[in-house]
Protein chains: 2
Amino acid sequence: MSRFTSEAAFLACIDRHFPNEHPHMVRGRGDDCAVLACPERMSLSSDLFLEGIHFRCSYFSPADIGYKSLAVNLSDLAASGAVPLGFSLGLMVPPADREEASADPAEGVVGGADAQCVLNGAPMGTEAYWDAFFEGMAELAREHGVALTGGDLSKAPVLGVSVSVWGGPAASEQGSVPFLHRSVAKAGDVVFITGDFGLARIGLMALESMGRDAENLYPRAVRAHLRPVPRVADGQAIARYAAVQGGEPRMGLMDLSDGLARDLPRLVGTDKGSQLCVELEIPEEAVHEEIATYCLANDLHALEQATLGGEDYALVGTCPPEWLEGLRTVLPGVRVLGHVAKGDVHMLNGMPWEPCGFDHFA
Amino acid sequence: MSRFTSEAAFLACIDRHFPNEHPHMVRGRGDDCAVLACPERMSLSSDLFLEGIHFRCSYFSPADIGYKSLAVNLSDLAASGAVPLGFSLGLMVPPADREEASADPAEGVVGGADAQCVLNGAPMGTEAYWDAFFEGMAELAREHGVALTGGDLSKAPVLGVSVSVWGGPAASEQGSVPFLHRSVAKAGDVVFITGDFGLARIGLMALESMGRDAENLYPRAVRAHLRPVPRVADGQAIARYAAVQGGEPRMGLMDLSDGLARDLPRLVGTDKGSQLCVELEIPEEAVHEEIATYCLANDLHALEQATLGGEDYALVGTCPPEWLEGLRTVLPGVRVLGHVAKGDVHMLNGMPWEPCGFDHFA
């Protein structure tokens, strides 16, 4: 398998996948800086996507890694209702011979390199591997019309991707649509969701125990973990709907990256002293059937897993209850999870519910 | 030494150092996206700064790491003549107990964690360590008036920083000053520089062999490596001067990050088929005296080291020779290194000169 012999060859591979022209990009890759043509307001987000922390090479194909590293960033833009315009890419590239040099995860190194990084017949470091990686990323970039404006390339002990992505406001007949954000909820608002919750966690657990064989038993869950869909069109539809209502901002929105248990308190601003909580009513049948099946087979509590699970990249929001009917006419898939209340004890199906979830330092 | 026990505590430490308000930042940290108030054009750059690749914890204090990771990004903006506005930060945080778990660099892991990360009495992972890191970064951010708009935080096997930085055009009496870039040189243009070249490389070599004791013998070189100064005001002055001349863009500019030998061919567009080369005349006395001293002591060729050395973050440029006098009235420190010529053989002091330098894949 051939390997890149120079930085120029690697950059040429990037150029084959990403056009260096875009209406928003006055000057593209190949200089110290890109030059952007900017709307008056831009929404911007940055995310890291690191081997051993956010993904494993043993069951992520290179195309999955390229895809998901951009998808999780586009999801943040989706949560603001933005129209994606461009992104920059910091790429951490392990040495080509690292099969020999890789750290042993068993030794306790957090985020150590996977020993096995050969999926789809393309070992890490080969041109075929990176070609697949960039194609997975470029496919999603094309779908959303975002330009790769530049970035940086470095050797690193493990594969890692750092993406910054930005977008402009959606347009409506009344002009620019304001971006959405969290923490605008009031007591009595409904809590709604577009998409699944907890499914990606089941996919992760199944992949961890079975590898890619998990696809046979839990195809939707595995796909939710490997190829989450950023709900960019949904976010814009929600932002447009909110803009039409006018008045003070009453539509709160965020993406579900750390799980309902951790993200809902953030959505209603509990962490910022809003003195609001959520009261959820989630019937058993609202939990995806693959979650139920996996939990039955593995002696787990399905609803608990569903509310703990992160990385679903559904959109969760709050709005006045009287907006719900109208919202459903523009987004028929919207489901209600519960409502916002005064107080500091979150509730789930009538029981006190301790918000928790993933914490990098806990 | 106390350590952070939650992500919230870590984020609170960031908030103590970086105000969450800025005229350019309509919505700051704490949501899925930041919202920026944008000029019509923005200049944007992203850089990685990774332990074991770009810095070593054994002789970089936490404040040095925080400072330099932002400085190298601001330098890219300086090269476009931009006014810095904001940056986002992806922070890769090694586990608090990694002294025990760190990979042994002797085993050949590229970018392995330094065993010794205790400088200034603050071991890696403690609150004191991160406090110093953020203070080093915040000091520079305050100096340049840039807002930290958000970012991401993740565990990682080694300490790493990913920064994206952006800025708007400088202002003049005639309005917005166009950004500068590379590859506008014509045969006959002069090649000029603001700042030193090769000094940071000597600092690196001295630090590698002597640790922080190198400061006693090579204080300027060590400082050039640990605390490079982004020439933001110089870049703006050069861009303003070029704008006043009017006509087609004739001022080329970039920052010296990979060394004269690698960067000058890029400045004149040799890599993009410009069919131009540089003919340099660099007398011995143009090389910084600490380079000369180090090379004498270590049996190295001073001029060779000076032209190979990267990470100086001086600005190098090309312009018509008749602009030089005027340029010197706004930037008295400008030095001429040579001129641009037709052809593909770069020359140094009358001898053919093979462009080379650092390549991540070579």
# chains A, B, ... in the order shown; residues from 1 in each chain; ligands from 1
>>> select_by_dssp(residues="stretch 45-220 of chain B", states="strand (DSSP E or B)", output="VMD selection string")
chain B and resid 45 to 51 55 82 to 93 118 to 119 122 to 123 126 147 to 155 160 to 169 171 to 172 175 to 176 181 190 to 194
>>> residues_around(residues="A:Ser75", least_positions_apart="3", cutoff="9 Å", atoms="only C-alpha atoms", output="JSON, numbers by chain")
{"A": [70, 71, 72, 78, 79, 80, 229, 230, 231, 232, 235, 255, 256, 257, 313, 314, 315], "B": [32]}
>>> residues_around(residues="A:Val330", least_positions_apart="4", cutoff="12 Å", atoms="only C-alpha atoms", output="JSON, numbers by chain")
{"A": [194, 233, 234, 235, 236, 237, 238, 239, 240, 241, 242, 244, 323, 324, 325, 326, 334]}
>>> atom_distance(atom1="atom CA of A:Thr126", atom2="atom CA of A:Ser6")
12.4 Å
>>> closest_residue(among="A:Cys13, A:Leu303, A:Ala170, A:Leu180", to="chain B", atoms="only C-alpha atoms")
A:Leu180
>>> residues_around(residues="A:Ser154", least_positions_apart="2", cutoff="12 Å", atoms="only C-alpha atoms", output="PyMOL selection string")
(chain A and resi 7+10+89-95+151-152+156-162) or (chain B and resi 46-54+110-111+160-162+358-361)
>>> write_last_selection(atoms="N, CA and C atoms", output="compact mmCIF listing (two decimals), in the first residue's frame")
# COMPACT_ATOMS: atom_id res chain seq x y z
N GLU A 7 4.34 16.34 2.40
CA GLU A 7 3.18 17.13 2.80
C GLU A 7 2.41 17.59 1.57
N PHE A 10 0.04 15.00 0.41
CA PHE A 10 -1.11 14.92 1.31
C PHE A 10 -2.10 16.06 0.99
N LEU A 89 -9.92 22.84 9.37
CA LEU A 89 -9.62 21.46 9.77
C LEU A 89 -8.21 21.36 10.34
N GLY A 90 -8.10 21.00 11.60
CA GLY A 90 -6.80 20.66 12.17
C GLY A 90 -6.70 19.15 12.22
N LEU A 91 -5.70 18.61 11.53
CA LEU A 91 -5.63 17.16 11.38
C LEU A 91 -4.39 16.62 12.06
N MET A 92 -4.60 15.72 13.03
CA MET A 92 -3.49 15.08 13.74
C MET A 92 -3.27 13.70 13.14
N VAL A 93 -2.10 13.50 12.57
CA VAL A 93 -1.82 12.31 11.76
C VAL A 93 -0.80 11.43 12.48
N PRO A 94 -1.18 10.20 12.83
CA PRO A 94 -0.21 9.30 13.48
C PRO A 94 0.88 8.90 12.49
N PRO A 95 2.04 8.53 13.00
CA PRO A 95 3.12 8.11 12.10
C PRO A 95 2.69 6.88 11.31
N GLY A 151 -6.55 25.11 7.35
CA GLY A 151 -6.36 24.40 8.60
C GLY A 151 -4.90 24.12 8.84
N ASP A 152 -4.65 23.02 9.52
CA ASP A 152 -3.28 22.69 9.87
C ASP A 152 -3.15 21.18 9.90
N ALA A 156 1.08 13.31 15.17
CA ALA A 156 0.51 13.22 16.52
C ALA A 156 0.54 11.76 16.93
N PRO A 157 0.50 11.48 18.24
CA PRO A 157 0.54 10.07 18.66
C PRO A 157 -0.71 9.30 18.27
N VAL A 158 -1.86 10.00 18.20
CA VAL A 158 -3.10 9.33 17.79
C VAL A 158 -3.78 10.18 16.73
N LEU A 159 -4.70 9.55 15.99
CA LEU A 159 -5.46 10.27 14.98
C LEU A 159 -6.43 11.23 15.67
N GLY A 160 -6.47 12.45 15.22
CA GLY A 160 -7.36 13.43 15.81
C GLY A 160 -7.79 14.48 14.80
N VAL A 161 -8.98 14.98 15.01
CA VAL A 161 -9.54 15.98 14.11
C VAL A 161 -10.07 17.13 14.95
N SER A 162 -9.68 18.34 14.59
CA SER A 162 -10.21 19.53 15.23
C SER A 162 -10.90 20.36 14.15
N SER B 46 -6.08 28.62 11.36
CA SER B 46 -6.13 27.59 12.40
C SER B 46 -4.78 26.92 12.53
N ASP B 47 -4.35 26.67 13.76
CA ASP B 47 -3.09 25.97 13.97
C ASP B 47 -3.19 25.02 15.15
N LEU B 48 -2.49 23.90 15.01
CA LEU B 48 -2.35 22.93 16.09
C LEU B 48 -1.05 23.21 16.84
N PHE B 49 -1.05 22.91 18.13
CA PHE B 49 0.14 23.10 18.96
C PHE B 49 0.17 21.93 19.94
N LEU B 50 0.99 20.93 19.62
CA LEU B 50 0.92 19.64 20.31
C LEU B 50 2.21 19.30 21.05
N GLU B 51 2.03 18.80 22.24
CA GLU B 51 3.15 18.32 23.05
C GLU B 51 3.94 17.24 22.31
N GLY B 52 5.26 17.35 22.36
CA GLY B 52 6.10 16.35 21.72
C GLY B 52 6.32 16.61 20.25
N ILE B 53 5.46 17.45 19.65
CA ILE B 53 5.62 17.83 18.25
C ILE B 53 6.05 19.30 18.18
N HIS B 54 5.25 20.16 18.81
CA HIS B 54 5.52 21.60 18.74
C HIS B 54 6.15 22.14 20.02
N VAL B 110 5.98 8.85 18.43
CA VAL B 110 6.12 10.25 18.05
C VAL B 110 5.20 11.07 18.93
N GLY B 111 5.72 12.12 19.50
CA GLY B 111 4.87 12.99 20.29
C GLY B 111 4.47 12.38 21.61
N GLY B 160 -2.50 19.22 24.17
CA GLY B 160 -2.56 19.80 22.83
C GLY B 160 -3.53 20.96 22.78
N VAL B 161 -3.23 21.88 21.90
CA VAL B 161 -4.05 23.07 21.75
C VAL B 161 -4.36 23.25 20.27
N SER B 162 -5.62 23.45 19.97
CA SER B 162 -6.03 23.76 18.60
C SER B 162 -6.72 25.11 18.64
N PHE B 358 11.32 21.88 6.98
CA PHE B 358 10.53 20.89 7.69
C PHE B 358 9.35 20.39 6.87
N ASP B 359 9.22 19.08 6.78
CA ASP B 359 8.09 18.44 6.10
C ASP B 359 7.57 17.33 7.00
N HIS B 360 6.28 17.42 7.38
CA HIS B 360 5.72 16.44 8.31
C HIS B 360 5.75 15.02 7.76
N PHE B 361 5.86 14.85 6.44
CA PHE B 361 5.77 13.51 5.85
C PHE B 361 7.09 12.99 5.29
>>> closest_residue(among="B:Ala200, B:Ala63, B:Leu148, B:Met124", to="B:Val35", atoms="only C-alpha atoms")
B:Leu148
>>> residues_around(residues="B:His24", least_positions_apart="4", cutoff="10 Å", atoms="only C-alpha atoms", output="PyMOL selection string")
(chain A and resi 41) or (chain B and resi 28+35-39+85-86+146-147+149+167)
>>> write_last_selection(atoms="N, CA, C and O atoms", output="PDB file, in the first residue's frame")
ATOM      1  N   ARG A  41     -23.912  38.660  10.816  1.00  0.00           N
ATOM      2  CA  ARG A  41     -23.775  37.798  11.986  1.00  0.00           C
ATOM      3  C   ARG A  41     -23.359  36.422  11.519  1.00  0.00           C
ATOM      4  O   ARG A  41     -23.860  35.918  10.513  1.00  0.00           O
TER       5      ARG A  41
ATOM      6  N   GLY B  28     -21.441  34.771  23.593  1.00  0.00           N
ATOM      7  CA  GLY B  28     -20.119  34.217  23.918  1.00  0.00           C
ATOM      8  C   GLY B  28     -20.154  32.750  24.293  1.00  0.00           C
ATOM      9  O   GLY B  28     -20.954  31.975  23.761  1.00  0.00           O
ATOM     10  N   VAL B  35     -21.948  33.672  18.635  1.00  0.00           N
ATOM     11  CA  VAL B  35     -22.459  34.505  17.543  1.00  0.00           C
ATOM     12  C   VAL B  35     -21.553  35.730  17.419  1.00  0.00           C
ATOM     13  O   VAL B  35     -21.309  36.434  18.408  1.00  0.00           O
ATOM     14  N   LEU B  36     -21.042  35.920  16.214  1.00  0.00           N
ATOM     15  CA  LEU B  36     -20.076  36.983  15.950  1.00  0.00           C
ATOM     16  C   LEU B  36     -20.718  38.120  15.168  1.00  0.00           C
ATOM     17  O   LEU B  36     -21.515  37.871  14.254  1.00  0.00           O
ATOM     18  N   ALA B  37     -20.362  39.355  15.507  1.00  0.00           N
ATOM     19  CA  ALA B  37     -20.711  40.519  14.688  1.00  0.00           C
ATOM     20  C   ALA B  37     -19.573  40.712  13.696  1.00  0.00           C
ATOM     21  O   ALA B  37     -18.438  40.944  14.106  1.00  0.00           O
ATOM     22  N   CYS B  38     -19.858  40.563  12.408  1.00  0.00           N
ATOM     23  CA  CYS B  38     -18.774  40.426  11.428  1.00  0.00           C
ATOM     24  C   CYS B  38     -18.603  41.648  10.540  1.00  0.00           C
ATOM     25  O   CYS B  38     -19.589  42.216  10.073  1.00  0.00           O
ATOM     26  N   PRO B  39     -17.354  42.006  10.271  1.00  0.00           N
ATOM     27  CA  PRO B  39     -17.097  42.932   9.170  1.00  0.00           C
ATOM     28  C   PRO B  39     -17.365  42.210   7.842  1.00  0.00           C
ATOM     29  O   PRO B  39     -17.582  40.995   7.829  1.00  0.00           O
ATOM     30  N   LEU B  85      -9.754  39.707  16.156  1.00  0.00           N
ATOM     31  CA  LEU B  85     -11.042  39.916  16.827  1.00  0.00           C
ATOM     32  C   LEU B  85     -11.363  38.819  17.834  1.00  0.00           C
ATOM     33  O   LEU B  85     -11.793  39.105  18.946  1.00  0.00           O
ATOM     34  N   GLY B  86     -11.170  37.565  17.436  1.00  0.00           N
ATOM     35  CA  GLY B  86     -11.564  36.487  18.343  1.00  0.00           C
ATOM     36  C   GLY B  86     -10.861  35.183  18.024  1.00  0.00           C
ATOM     37  O   GLY B  86     -10.210  35.051  16.984  1.00  0.00           O
ATOM     38  N   VAL B 146      -8.395  40.289  21.672  1.00  0.00           N
ATOM     39  CA  VAL B 146      -9.184  39.197  21.082  1.00  0.00           C
ATOM     40  C   VAL B 146     -10.021  38.488  22.147  1.00  0.00           C
ATOM     41  O   VAL B 146      -9.567  38.274  23.265  1.00  0.00           O
ATOM     42  N   ALA B 147     -11.224  38.123  21.750  1.00  0.00           N
ATOM     43  CA  ALA B 147     -12.143  37.418  22.651  1.00  0.00           C
ATOM     44  C   ALA B 147     -12.028  35.913  22.453  1.00  0.00           C
ATOM     45  O   ALA B 147     -11.923  35.442  21.318  1.00  0.00           O
ATOM     46  N   THR B 149     -14.090  32.942  22.172  1.00  0.00           N
ATOM     47  CA  THR B 149     -15.529  32.825  21.902  1.00  0.00           C
ATOM     48  C   THR B 149     -16.095  31.460  22.264  1.00  0.00           C
ATOM     49  O   THR B 149     -17.316  31.306  22.325  1.00  0.00           O
ATOM     50  N   GLY B 167      -9.852  37.783  12.194  1.00  0.00           N
ATOM     51  CA  GLY B 167      -9.762  39.223  12.366  1.00  0.00           C
ATOM     52  C   GLY B 167     -10.380  39.951  11.196  1.00  0.00           C
ATOM     53  O   GLY B 167     -10.671  39.348  10.153  1.00  0.00           O
TER      54      GLY B 167
END
>>> closest_residue(among="A:Lys68, A:Val165, A:Lys186, A:Pro352", to="A:Glu139", atoms="only C-alpha atoms")
A:Lys68
>>> closest_residue(among="A:Gly350, A:Gly81, A:Pro62, A:Gly333", to="chain B", atoms="only C-alpha atoms")
A:Gly81
>>> closest_residue(among="B:Val287, B:Ala82, B:Ala341, B:Met251", to="B:Gly188", atoms="only C-alpha atoms")
B:Ala341
>>> select_by_dssp(residues="stretch 119-355 of chain A", states="alpha helix (DSSP H)", output="PyMOL selection string")
chain A and resi 127-144+199-210+214-217+219-226+232-245+260-267+289-297+302-308+324-330
>>> residues_around(residues="A:Thr293", least_positions_apart="3", cutoff="12 Å", atoms="only C-alpha atoms", output="JSON list (two decimals) with C-alpha atoms, in the first residue's frame")
[["chain", "number", "residue", "atom", "x", "y", "z"],
["A", 199, "LEU", "CA", -29.75, 5.16, 20.29],
["A", 202, "ILE", "CA", -26.57, 1.51, 22.39],
["A", 203, "GLY", "CA", -24.66, 1.54, 19.11],
["A", 206, "ALA", "CA", -22.78, -2.92, 20.88],
["A", 217, "LEU", "CA", -28.24, -7.03, 15.38],
["A", 218, "TYR", "CA", -28.52, -3.25, 15.90],
["A", 221, "ALA", "CA", -28.07, 2.05, 16.70],
["A", 287, "VAL", "CA", -37.75, 4.47, 23.46],
["A", 288, "HIS", "CA", -36.37, 3.10, 20.20],
["A", 289, "GLU", "CA", -36.97, -0.64, 19.83],
["A", 290, "GLU", "CA", -33.26, -1.41, 19.34],
["A", 296, "LEU", "CA", -33.40, -6.77, 27.49],
["A", 297, "ALA", "CA", -30.50, -8.90, 26.21],
["A", 298, "ASN", "CA", -28.00, -7.19, 28.51],
["A", 299, "ASP", "CA", -30.03, -6.75, 31.67],
["A", 300, "LEU", "CA", -30.12, -2.97, 31.47],
["A", 301, "HIS", "CA", -32.91, -0.49, 32.13],
["A", 302, "ALA", "CA", -34.00, 0.81, 28.74],
["A", 303, "LEU", "CA", -35.32, 4.23, 29.80],
["A", 305, "GLN", "CA", -29.95, 4.07, 29.07]]
>>> closest_residue(among="A:Ala122, A:Val340, A:Cys57, A:Val268", to="chain B", atoms="only C-alpha atoms")
A:Val268
>>> atom_distance(atom1="atom CA of A:Val278", atom2="atom CA of A:Gly252")
13.4 Å
